>>> print(open('upload-v1.txt').read())   # compact mmCIF, C-alpha atoms
# COMPACT_ATOMS: atom_id res chain seq x y z
CA MET P 1 48.81 16.04 115.25
CA ALA P 2 49.29 13.45 112.52
CA SER P 3 51.17 14.53 109.41
CA ASP P 4 48.09 13.77 107.30
CA ASP P 5 46.25 16.52 109.20
CA LEU P 6 48.84 19.18 108.38
CA CYS P 7 47.97 21.89 105.90
CA TYR P 8 51.33 22.63 104.30
CA LEU P 9 51.39 26.02 102.54
CA ASP P 10 55.12 26.73 102.64
CA HIS P 11 56.31 25.22 99.35
CA ALA P 12 58.44 28.27 98.56
CA ALA P 13 60.57 27.23 101.54
CA SER P 14 60.77 23.55 100.62
CA THR P 15 58.66 21.05 98.72
CA PRO P 16 57.96 17.41 99.60
CA LEU P 17 60.20 14.93 97.84
CA ARG P 18 58.48 13.40 94.84
CA THR P 19 58.09 9.61 95.11
CA GLU P 20 59.66 9.09 91.68
CA VAL P 21 62.66 11.16 92.76
CA PHE P 22 63.16 9.10 95.91
CA ASP P 23 62.98 5.90 93.86
CA VAL P 24 65.72 6.93 91.43
CA MET P 25 67.97 8.17 94.25
CA VAL P 26 67.94 5.03 96.40
CA PRO P 27 70.29 2.91 94.22
CA TYR P 28 72.92 5.68 94.36
CA LEU P 29 72.64 5.94 98.11
CA ARG P 30 72.85 2.19 98.69
CA ASP P 31 74.41 0.28 95.79
CA HIS P 32 76.21 2.61 93.35
CA PHE P 33 78.13 4.46 96.02
CA GLY P 34 81.40 5.08 94.21
CA ASN P 35 83.33 8.33 94.03
CA PRO P 36 82.81 9.59 90.45
CA SER P 37 86.40 10.85 90.30
CA GLY P 38 87.82 7.32 90.56
CA ALA P 39 88.95 5.01 87.77
CA HIS P 40 87.52 1.61 88.74
CA ARG P 41 84.20 0.08 87.80
CA VAL P 42 82.22 1.30 90.82
CA ALA P 43 83.52 4.83 90.29
CA ARG P 44 82.70 4.69 86.60
CA ASP P 45 79.11 3.69 87.40
CA ALA P 46 78.77 6.75 89.63
CA ARG P 47 80.37 9.02 87.03
CA ARG P 48 78.05 7.73 84.33
CA ALA P 49 75.01 8.54 86.50
CA LEU P 50 76.40 12.00 87.26
CA GLU P 51 76.94 12.82 83.60
CA GLU P 52 73.53 11.49 82.62
CA ALA P 53 72.01 13.79 85.25
CA ARG P 54 74.03 16.68 83.83
CA ASP P 55 72.70 15.89 80.35
CA ARG P 56 69.11 15.93 81.60
CA VAL P 57 69.52 19.27 83.35
CA ALA P 58 71.11 20.77 80.23
CA GLU P 59 68.21 19.54 78.11
CA VAL P 60 65.63 21.21 80.38
CA VAL P 61 67.54 24.50 80.61
CA GLY P 62 68.62 24.65 76.98
CA SER P 63 72.35 24.61 77.59
CA SER P 64 75.35 22.45 76.86
CA PRO P 65 76.03 19.75 79.47
CA HIS P 66 79.44 21.39 80.00
CA ASP P 67 77.61 24.51 81.23
CA VAL P 68 76.02 22.68 84.19
CA VAL P 69 77.90 22.97 87.49
CA PHE P 70 76.51 20.92 90.37
CA THR P 71 76.59 22.68 93.76
CA SER P 72 75.24 22.17 97.26
CA GLY P 73 72.15 24.27 96.56
CA GLY P 74 70.83 27.66 95.56
CA THR P 75 72.85 29.65 98.08
CA GLU P 76 76.16 28.25 96.89
CA SER P 77 75.13 28.70 93.26
CA ASP P 78 74.25 32.35 93.88
CA ASN P 79 77.46 32.99 95.78
CA LEU P 80 79.53 31.29 93.09
CA ALA P 81 77.99 33.61 90.53
CA VAL P 82 78.32 36.83 92.53
CA ARG P 83 81.82 36.16 93.83
CA GLY P 84 83.02 34.29 90.78
CA PHE P 85 82.22 36.91 88.17
CA VAL P 86 83.71 39.98 89.84
CA SER P 87 87.40 40.70 89.38
CA GLN P 88 90.01 43.41 89.71
CA GLU P 89 89.12 44.59 86.23
CA TYR P 90 85.36 44.45 86.87
CA PRO P 91 85.00 44.73 90.67
CA THR P 92 81.40 45.91 91.01
CA PRO P 93 78.34 43.63 91.36
CA VAL P 94 74.82 45.01 91.02
CA CYS P 95 71.44 43.64 92.16
CA PRO P 96 67.93 44.87 93.04
CA ALA P 97 67.02 45.62 96.65
CA THR P 98 64.54 42.71 96.70
CA GLU P 99 67.00 39.90 95.97
CA HIS P 100 67.31 36.84 98.18
CA HIS P 101 70.01 37.29 100.80
CA ALA P 102 72.11 34.66 99.00
CA VAL P 103 72.66 37.35 96.36
CA LEU P 104 72.06 40.56 98.31
CA ASP P 105 74.53 39.79 101.11
CA PRO P 106 77.54 38.95 98.90
CA VAL P 107 76.77 41.97 96.68
CA GLU P 108 76.79 44.23 99.73
CA HIS P 109 79.90 42.49 101.10
CA LEU P 110 81.68 43.32 97.84
CA ASP P 111 80.55 46.99 98.06
CA GLY P 112 78.20 46.52 95.14
CA ARG P 113 75.29 48.67 94.02
CA ILE P 114 71.65 48.13 94.96
CA VAL P 115 68.92 49.02 92.44
CA ARG P 116 65.48 50.34 93.34
CA VAL P 117 62.23 48.50 92.53
CA ASP P 118 58.65 49.67 92.03
CA SER P 119 55.60 48.91 94.18
CA THR P 120 55.19 45.46 92.60
CA GLY P 121 58.85 44.58 93.15
CA ARG P 122 59.90 44.95 89.52
CA VAL P 123 63.28 46.51 88.76
CA ASP P 124 63.42 50.26 88.14
CA LEU P 125 65.01 50.11 84.69
CA GLU P 126 66.14 53.74 84.71
CA HIS P 127 67.91 53.28 88.03
CA LEU P 128 69.43 50.03 86.76
CA ALA P 129 70.85 51.82 83.73
CA ALA P 130 72.21 54.61 85.94
CA SER P 131 73.90 52.01 88.16
CA LEU P 132 75.86 50.45 85.30
CA ASP P 133 79.32 51.54 84.17
CA PRO P 134 82.58 49.90 82.93
CA SER P 135 83.42 48.69 86.47
CA VAL P 136 80.39 46.37 86.68
CA GLY P 137 81.28 42.69 86.38
CA LEU P 138 77.95 41.14 87.31
CA VAL P 139 74.25 41.99 87.44
CA SER P 140 72.05 39.50 89.32
CA VAL P 141 68.24 39.55 89.13
CA MET P 142 65.76 36.95 90.38
CA ALA P 143 63.34 35.54 87.83
CA VAL P 144 60.69 35.13 90.55
CA ASN P 145 60.86 36.80 93.94
CA ASN P 146 60.93 34.26 96.74
CA GLU P 147 58.65 36.28 99.04
CA THR P 148 56.07 37.93 96.78
CA GLY P 149 56.23 35.74 93.67
CA THR P 150 56.75 38.81 91.46
CA ILE P 151 57.96 37.87 87.95
CA ALA P 152 60.90 39.92 86.70
CA ASP P 153 60.88 41.52 83.25
CA LEU P 154 64.05 39.72 82.23
CA ALA P 155 63.82 40.75 78.58
CA SER P 156 63.91 44.46 79.44
CA ILE P 157 66.56 43.93 82.11
CA SER P 158 68.73 42.05 79.63
CA ASP P 159 68.36 44.85 77.08
CA VAL P 160 69.50 47.44 79.63
CA VAL P 161 72.48 45.38 80.77
CA ARG P 162 73.62 44.52 77.24
CA SER P 163 73.36 48.18 76.25
CA SER P 164 74.82 49.89 79.33
CA ALA P 165 77.32 47.29 80.58
CA PRO P 166 78.08 44.80 77.78
CA GLN P 167 81.06 43.46 79.73
CA ALA P 168 78.85 42.38 82.67
CA ILE P 169 77.64 38.85 83.28
CA LEU P 170 73.86 38.73 83.76
CA HIS P 171 72.99 36.14 86.42
CA CYS P 172 69.51 34.97 87.32
CA ASP P 173 68.47 33.29 90.55
CA ALA P 174 65.73 31.06 89.10
CA VAL P 175 65.24 28.98 92.24
CA GLN P 176 61.56 29.98 92.55
CA ALA P 177 60.97 30.02 88.79
CA ALA P 178 61.42 26.38 87.82
CA ASN P 179 57.92 25.35 88.89
CA TRP P 180 56.25 28.06 86.82
CA LEU P 181 58.43 29.44 84.00
CA ASP P 182 60.02 27.88 80.91
CA LEU P 183 63.71 27.68 81.88
CA VAL P 184 64.83 27.61 78.25
CA ASP P 185 63.24 31.02 77.82
CA VAL P 186 64.77 32.30 81.07
CA TYR P 187 68.27 31.05 80.28
CA ALA P 188 68.16 32.51 76.77
CA LYS P 189 68.07 36.01 78.33
CA VAL P 190 70.98 35.60 80.78
CA ASP P 191 74.55 34.29 81.04
CA ALA P 192 74.20 32.27 84.25
CA LEU P 193 71.32 30.70 86.12
CA SER P 194 70.91 29.17 89.62
CA LEU P 195 68.51 26.38 90.63
CA ALA P 196 67.91 24.33 93.80
CA GLY P 197 66.54 20.81 94.16
CA HIS P 198 64.30 21.13 97.19
CA LYS P 199 62.09 23.80 95.60
CA ILE P 200 60.88 21.42 92.87
CA GLY P 201 60.23 18.15 94.67
CA GLY P 202 63.90 17.17 94.71
CA PRO P 203 66.38 16.62 97.54
CA LYS P 204 67.91 19.30 99.75
CA GLY P 205 71.64 19.94 99.50
CA VAL P 206 71.92 19.98 95.71
CA GLY P 207 71.60 22.68 93.07
CA VAL P 208 73.22 23.91 89.91
CA LEU P 209 74.80 26.98 88.43
CA VAL P 210 74.37 26.92 84.67
CA VAL P 211 76.95 29.12 82.95
CA SER P 212 77.30 29.88 79.25
CA ALA P 213 80.47 28.89 77.47
CA SER P 214 81.66 32.51 77.44
CA ALA P 215 81.24 32.87 81.23
CA THR P 216 83.59 31.03 83.59
CA PRO P 217 83.33 31.93 87.27
CA ARG P 218 86.34 32.00 89.54
CA PRO P 219 85.86 29.00 91.88
CA MET P 220 85.15 29.47 95.58
CA LEU P 221 86.15 25.89 96.45
CA LEU P 222 89.59 24.62 95.49
CA GLY P 223 90.87 21.09 95.83
CA GLY P 224 90.19 18.21 93.51
CA GLY P 225 89.23 20.25 90.47
CA GLN P 226 85.81 18.64 89.98
CA GLU P 227 83.14 20.26 87.79
CA HIS P 228 85.78 21.32 85.27
CA GLU P 229 87.73 23.27 87.91
CA ARG P 230 84.67 25.38 88.77
CA ARG P 231 83.62 23.67 92.00
CA SER P 232 85.95 21.25 93.77
CA GLY P 233 84.64 18.53 96.04
CA THR P 234 83.30 15.00 95.60
CA GLN P 235 79.95 15.31 93.85
CA ASN P 236 76.68 14.30 95.46
CA VAL P 237 75.74 11.67 92.88
CA ALA P 238 72.43 10.63 94.42
CA GLY P 239 71.53 14.30 94.85
CA ALA P 240 72.38 15.08 91.22
CA VAL P 241 70.33 12.11 90.00
CA GLY P 242 67.40 13.22 92.17
CA PHE P 243 67.72 16.83 91.10
CA ALA P 244 67.61 15.89 87.42
CA ALA P 245 64.59 13.64 87.95
CA ALA P 246 62.75 16.40 89.84
CA LEU P 247 63.56 18.96 87.15
CA LEU P 248 62.28 16.64 84.40
CA ALA P 249 59.07 15.93 86.33
CA THR P 250 58.54 19.62 87.04
CA THR P 251 58.99 20.48 83.37
CA ARG P 252 56.67 17.69 82.29
CA ASP P 253 53.90 18.80 84.67
CA ARG P 254 54.45 22.57 84.58
CA ALA P 255 51.50 23.61 82.41
CA SER P 256 48.93 21.42 84.15
CA GLN P 257 50.24 22.30 87.62
CA ALA P 258 50.20 26.01 86.85
CA ALA P 259 46.56 25.84 85.75
CA ARG P 260 45.57 23.78 88.78
CA VAL P 261 47.44 25.93 91.29
CA SER P 262 46.15 29.14 89.69
CA ALA P 263 42.63 28.08 90.60
CA LEU P 264 43.72 27.33 94.17
CA SER P 265 45.50 30.66 94.36
CA ASP P 266 42.44 32.57 93.18
CA ARG P 267 40.32 30.93 95.90
CA LEU P 268 42.94 31.54 98.57
CA VAL P 269 43.43 35.22 97.80
CA ALA P 270 39.73 35.96 97.34
CA GLY P 271 38.93 34.40 100.69
CA ALA P 272 41.84 36.02 102.49
CA ILE P 273 41.28 39.60 101.31
CA ALA P 274 37.64 39.34 102.44
CA ILE P 275 39.05 39.44 105.98
CA GLU P 276 39.29 42.92 107.50
CA GLY P 277 42.83 44.30 107.32
CA VAL P 278 44.16 41.74 104.81
CA GLU P 279 45.48 42.88 101.43
CA ALA P 280 47.19 41.14 98.52
CA THR P 281 50.73 42.43 98.03
CA VAL P 282 50.79 42.02 94.25
CA GLY P 283 48.10 41.11 91.73
CA ALA P 284 47.82 37.71 90.13
CA GLU P 285 48.97 39.13 86.80
CA ALA P 286 52.35 40.14 88.26
CA ARG P 287 53.26 36.95 90.12
CA VAL P 288 53.50 33.20 89.74
CA PRO P 289 50.45 31.22 90.90
CA GLY P 290 52.31 29.30 93.58
CA ILE P 291 53.15 32.24 95.84
CA CYS P 292 50.34 34.23 97.46
CA HIS P 293 51.71 37.10 99.54
CA LEU P 294 49.46 39.06 101.89
CA THR P 295 49.81 41.87 104.38
CA THR P 296 47.71 41.76 107.52
CA SER P 297 46.91 44.13 110.38
CA VAL P 298 48.47 41.81 112.97
CA ASN P 299 51.98 40.70 113.83
CA SER P 300 53.05 37.91 111.49
CA GLU P 301 55.04 35.98 114.10
CA ASP P 302 52.02 35.77 116.38
CA LEU P 303 49.80 34.83 113.44
CA LEU P 304 52.13 32.02 112.35
CA ILE P 305 52.05 30.58 115.87
CA LEU P 306 48.25 30.44 115.86
CA LEU P 307 48.16 28.94 112.37
CA ASP P 308 50.72 26.33 113.37
CA ARG P 309 48.56 25.31 116.32
CA GLU P 310 45.75 24.65 113.84
CA GLY P 311 48.00 22.59 111.58
CA VAL P 312 48.56 25.28 108.94
CA MET P 313 52.19 25.69 107.90
CA ALA P 314 53.02 29.09 106.40
CA SER P 315 55.74 31.73 106.60
CA ALA P 316 56.19 35.47 106.82
CA ALA P 317 59.15 35.91 104.50
CA SER P 318 62.10 33.90 103.25
CA SER P 319 62.53 30.69 105.24
CA CYS P 320 66.16 31.69 105.68
CA ALA P 321 64.92 34.58 107.81
CA SER P 322 62.64 32.55 110.10
CA GLY P 323 62.89 33.74 113.65
CA ALA P 324 64.20 37.13 112.62
CA LEU P 325 62.50 40.13 114.19
CA ASN P 326 63.34 42.52 111.37
CA PRO P 327 60.60 43.41 108.88
CA SER P 328 60.86 42.04 105.35
CA HIS P 329 63.51 43.87 103.32
CA VAL P 330 61.53 42.97 100.21
CA LEU P 331 58.37 44.79 101.31
CA LEU P 332 60.32 47.80 102.56
CA ALA P 333 62.08 48.04 99.20
CA MET P 334 58.66 47.96 97.51
CA GLY P 335 57.60 51.00 99.53
CA ARG P 336 55.45 49.24 102.10
CA SER P 337 55.34 50.53 105.67
CA VAL P 338 57.11 48.87 108.58
CA ALA P 339 53.68 47.86 109.92
CA GLN P 340 52.83 46.13 106.63
CA ALA P 341 56.24 44.46 106.52
CA THR P 342 55.81 43.07 110.03
CA GLY P 343 52.34 41.78 109.17
CA ALA P 344 53.38 39.80 106.09
CA LEU P 345 52.04 36.33 105.35
CA ARG P 346 53.40 34.12 102.56
CA LEU P 347 51.26 31.15 101.50
CA SER P 348 52.89 29.02 98.81
CA MET P 349 51.87 25.93 96.86
CA SER P 350 53.15 23.41 94.33
CA HIS P 351 52.57 19.71 93.61
CA GLY P 352 50.56 18.16 96.43
CA SER P 353 48.54 21.30 97.21
CA ASP P 354 44.78 20.81 97.01
CA ASN P 355 41.39 22.38 97.68
CA ALA P 356 41.12 20.81 101.12
CA GLN P 357 44.17 22.76 102.22
CA ILE P 358 42.67 26.02 100.97
CA ASP P 359 39.45 25.17 102.81
CA ARG P 360 41.40 24.61 106.02
CA LEU P 361 43.39 27.83 105.66
CA LEU P 362 40.25 29.90 105.07
CA GLU P 363 38.61 28.21 108.05
CA VAL P 364 41.34 29.05 110.55
CA LEU P 365 42.76 32.35 109.22
CA PRO P 366 39.80 34.66 110.06
CA PRO P 367 39.50 33.64 113.75
CA ALA P 368 43.30 33.73 114.15
CA ILE P 369 43.47 37.31 112.88
CA GLU P 370 40.44 38.31 114.95
CA THR P 371 42.00 36.82 118.09
CA LEU P 372 45.20 38.80 117.57
CA ARG P 373 43.32 41.99 116.71
CA ALA P 374 41.24 41.69 119.88
CA ALA P 375 44.37 41.06 121.97
CA SER P 376 46.06 44.08 120.41
CA ASP P 377 43.04 46.30 121.09
CA GLY P 378 42.96 45.14 124.69
CA SER P 379 46.65 45.45 125.48
CA GLY P 380 47.73 48.31 123.28
CA ARG P 381 50.20 46.06 121.57
CA ALA P 382 50.93 47.00 117.96
>>> encode(input="upload-v1.txt", output="structure tokens")
Amino acid sequence: MASDDLCYLDHAASTPLRTEVFDVMVPYLRDHFGNPSGAHRVARDARRALEEARDRVAEVVGSSPHDVVFTSGGTESDNLAVRGFVSQEYPTPVCPATEHHAVLDPVEHLDGRIVRVDSTGRVDLEHLAASLDPSVGLVSVMAVNNETGTIADLASISDVVRSSAPQAILHCDAVQAANWLDLVDVYAKVDALSLAGHKIGGPKGVGVLVVSASATPRPMLLGGGQEHERRSGTQNVAGAVGFAAALLATTRDRASQAARVSALSDRLVAGAIAIEGVEATVGAEARVPGICHLTTSVNSEDLLILLDREGVMASAASSCASGALNPSHVLLAMGRSVAQATGALRLSMSHGSDNAQIDRLLEVLPPAIETLRAASDGSGRA
């Protein structure tokens, strides 16, 4: 099947590289290849491009350029925050049960505390307050959930943290937020913020951790002392340039894209829930327009195989969990049944999504579900 025939509805996993981003990256892959830590002319050219990219990111986020730490992506940025802001004095990290595994796993590894959420995936503020004490060094909450698209109430969360654990750093994984939310507003409520390039039409393998001047994480990588001693290693100059260009383009287009994708989302969800056994996980008012999360009455792995055969690319949960047999930890934390969690379907959009793709999805989804339901009825398979 030709790539032009593919119906790509997995933008929450990765977005196509914007043409303008590719164009600005090429010179730093081919011509301006210097190590930005060097002293000669070629190195200075690379360093200048790196610092200009840092300036652009800071402008979009509303921070000082010094606050911007380039990393290898969202996972490293999250880990740098979780691991970097706990200490012997403040050894306890805290996060909701629905966090991405890049936060949840290091929090659990450090014997941290997990906070309950409600049926929409929003943080239980009373349980959050009860989980905070003078030992807490970090609280990490996603701005937008990567599976369901649920938007966190960061203002209320910030109030609880500032009141109950004023010593704690409040970190926000905003990887899924940049396409839909004003990052200046998000960053104003927290102390540290993580972003990733490939979620916004930028390159894979590059991200940032933005940290306020009062918050300095302990580095995970030691060596050359790059990024003001916060993340050693030769910087990915082309990646940083591409990331900054993608972030600027995303910010420029955010309002128009949100309106356009909202209309696509409404069509998608309305058509999908008309199918027997399909339900929307959260309402449109509680989520970003680009992530439509459904539960179905069939096994999601089998459903994804049938959709793939018809050229429809989707996912069941986080792309990091592809191939896993376990039900979604996000849905279980939201109080959904194991059956619902194993029948999850995430359909996500961004730039490049269009009505033809929604038409194709709504053409192939009903017969795919009916085929699996009939097979289940005939074999006894759940």
>>> closest_residue(input="upload-v1.txt", among="P:Arg122, P:Arg48, P:Arg346, P:His11", to="Ile151 of chain P", atoms="only C-alpha atoms")
P:Arg122
>>> atom_distance(input="upload-v1.txt", atom1="atom CA of Asp105 of chain P", atom2="atom CA of Val82 of chain P")
9.8 Å
>>> axis_aligned_box(input="upload-v1.txt", around="segment 79-97 of chain P", padding_each_side="3 Å", output="AutoDock Vina command-line options")
--center_x 78.5 --center_y 38.6 --center_z 91.4 --size_x 29.0 --size_y 20.6 --size_z 16.4
>>> atom_distance(input="upload-v1.txt", atom1="atom CA of Leu125 of chain P", atom2="atom CA of Leu183 of chain P")
22.6 Å
>>> closest_residue(input="upload-v1.txt", among="P:Ala102, P:Ala12, P:Ala177, P:Leu362", to="Ala274 of chain P", atoms="all atoms listed in the file")
P:Leu362
>>> atom_distance(input="upload-v1.txt", atom1="atom CA of Leu222 of chain P", atom2="atom CA of Ser77 of chain P")
15.2 Å
>>> closest_residue(input="upload-v1.txt", among="P:Glu310, P:Asp133, P:Asp182, P:Glu301", to="Pro327 of chain P", atoms="all atoms listed in the file")
P:Glu301
>>> residues_around(input="upload-v1.txt", residues="Ala333 of chain P", least_positions_apart="5", cutoff="8 Å", atoms="all atoms listed in the file", output="ChimeraX atom specification")
/P:97-98,116-117,121
>>> closest_residue(input="upload-v1.txt", among="P:Pro91, P:Pro16, P:Gly34, P:Gly73", to="Val237 of chain P", atoms="only C-alpha atoms")
P:Gly34
>>> residues_near_point(input="upload-v1.txt", point="(73.1, 22.1, 78.9)", cutoff="12 Å", atoms="all atoms listed in the file", output="number ranges by chain")
P: 51-69, 183-184, 187-188, 192-193, 208-213, 244
>>> residues_around(input="upload-v1.txt", residues="Glu279 of chain P", least_positions_apart="4", cutoff="8 Å", atoms="all atoms listed in the file", output="MDAnalysis selection string")
chainID P and resid 272:273 294:296
>>> residues_around(input="upload-v1.txt", residues="Val312 of chain P", least_positions_apart="6", cutoff="9 Å", atoms="all atoms listed in the file", output="VMD selection string")
chain P and resid 6 to 9 304 306 357 360 to 361 364
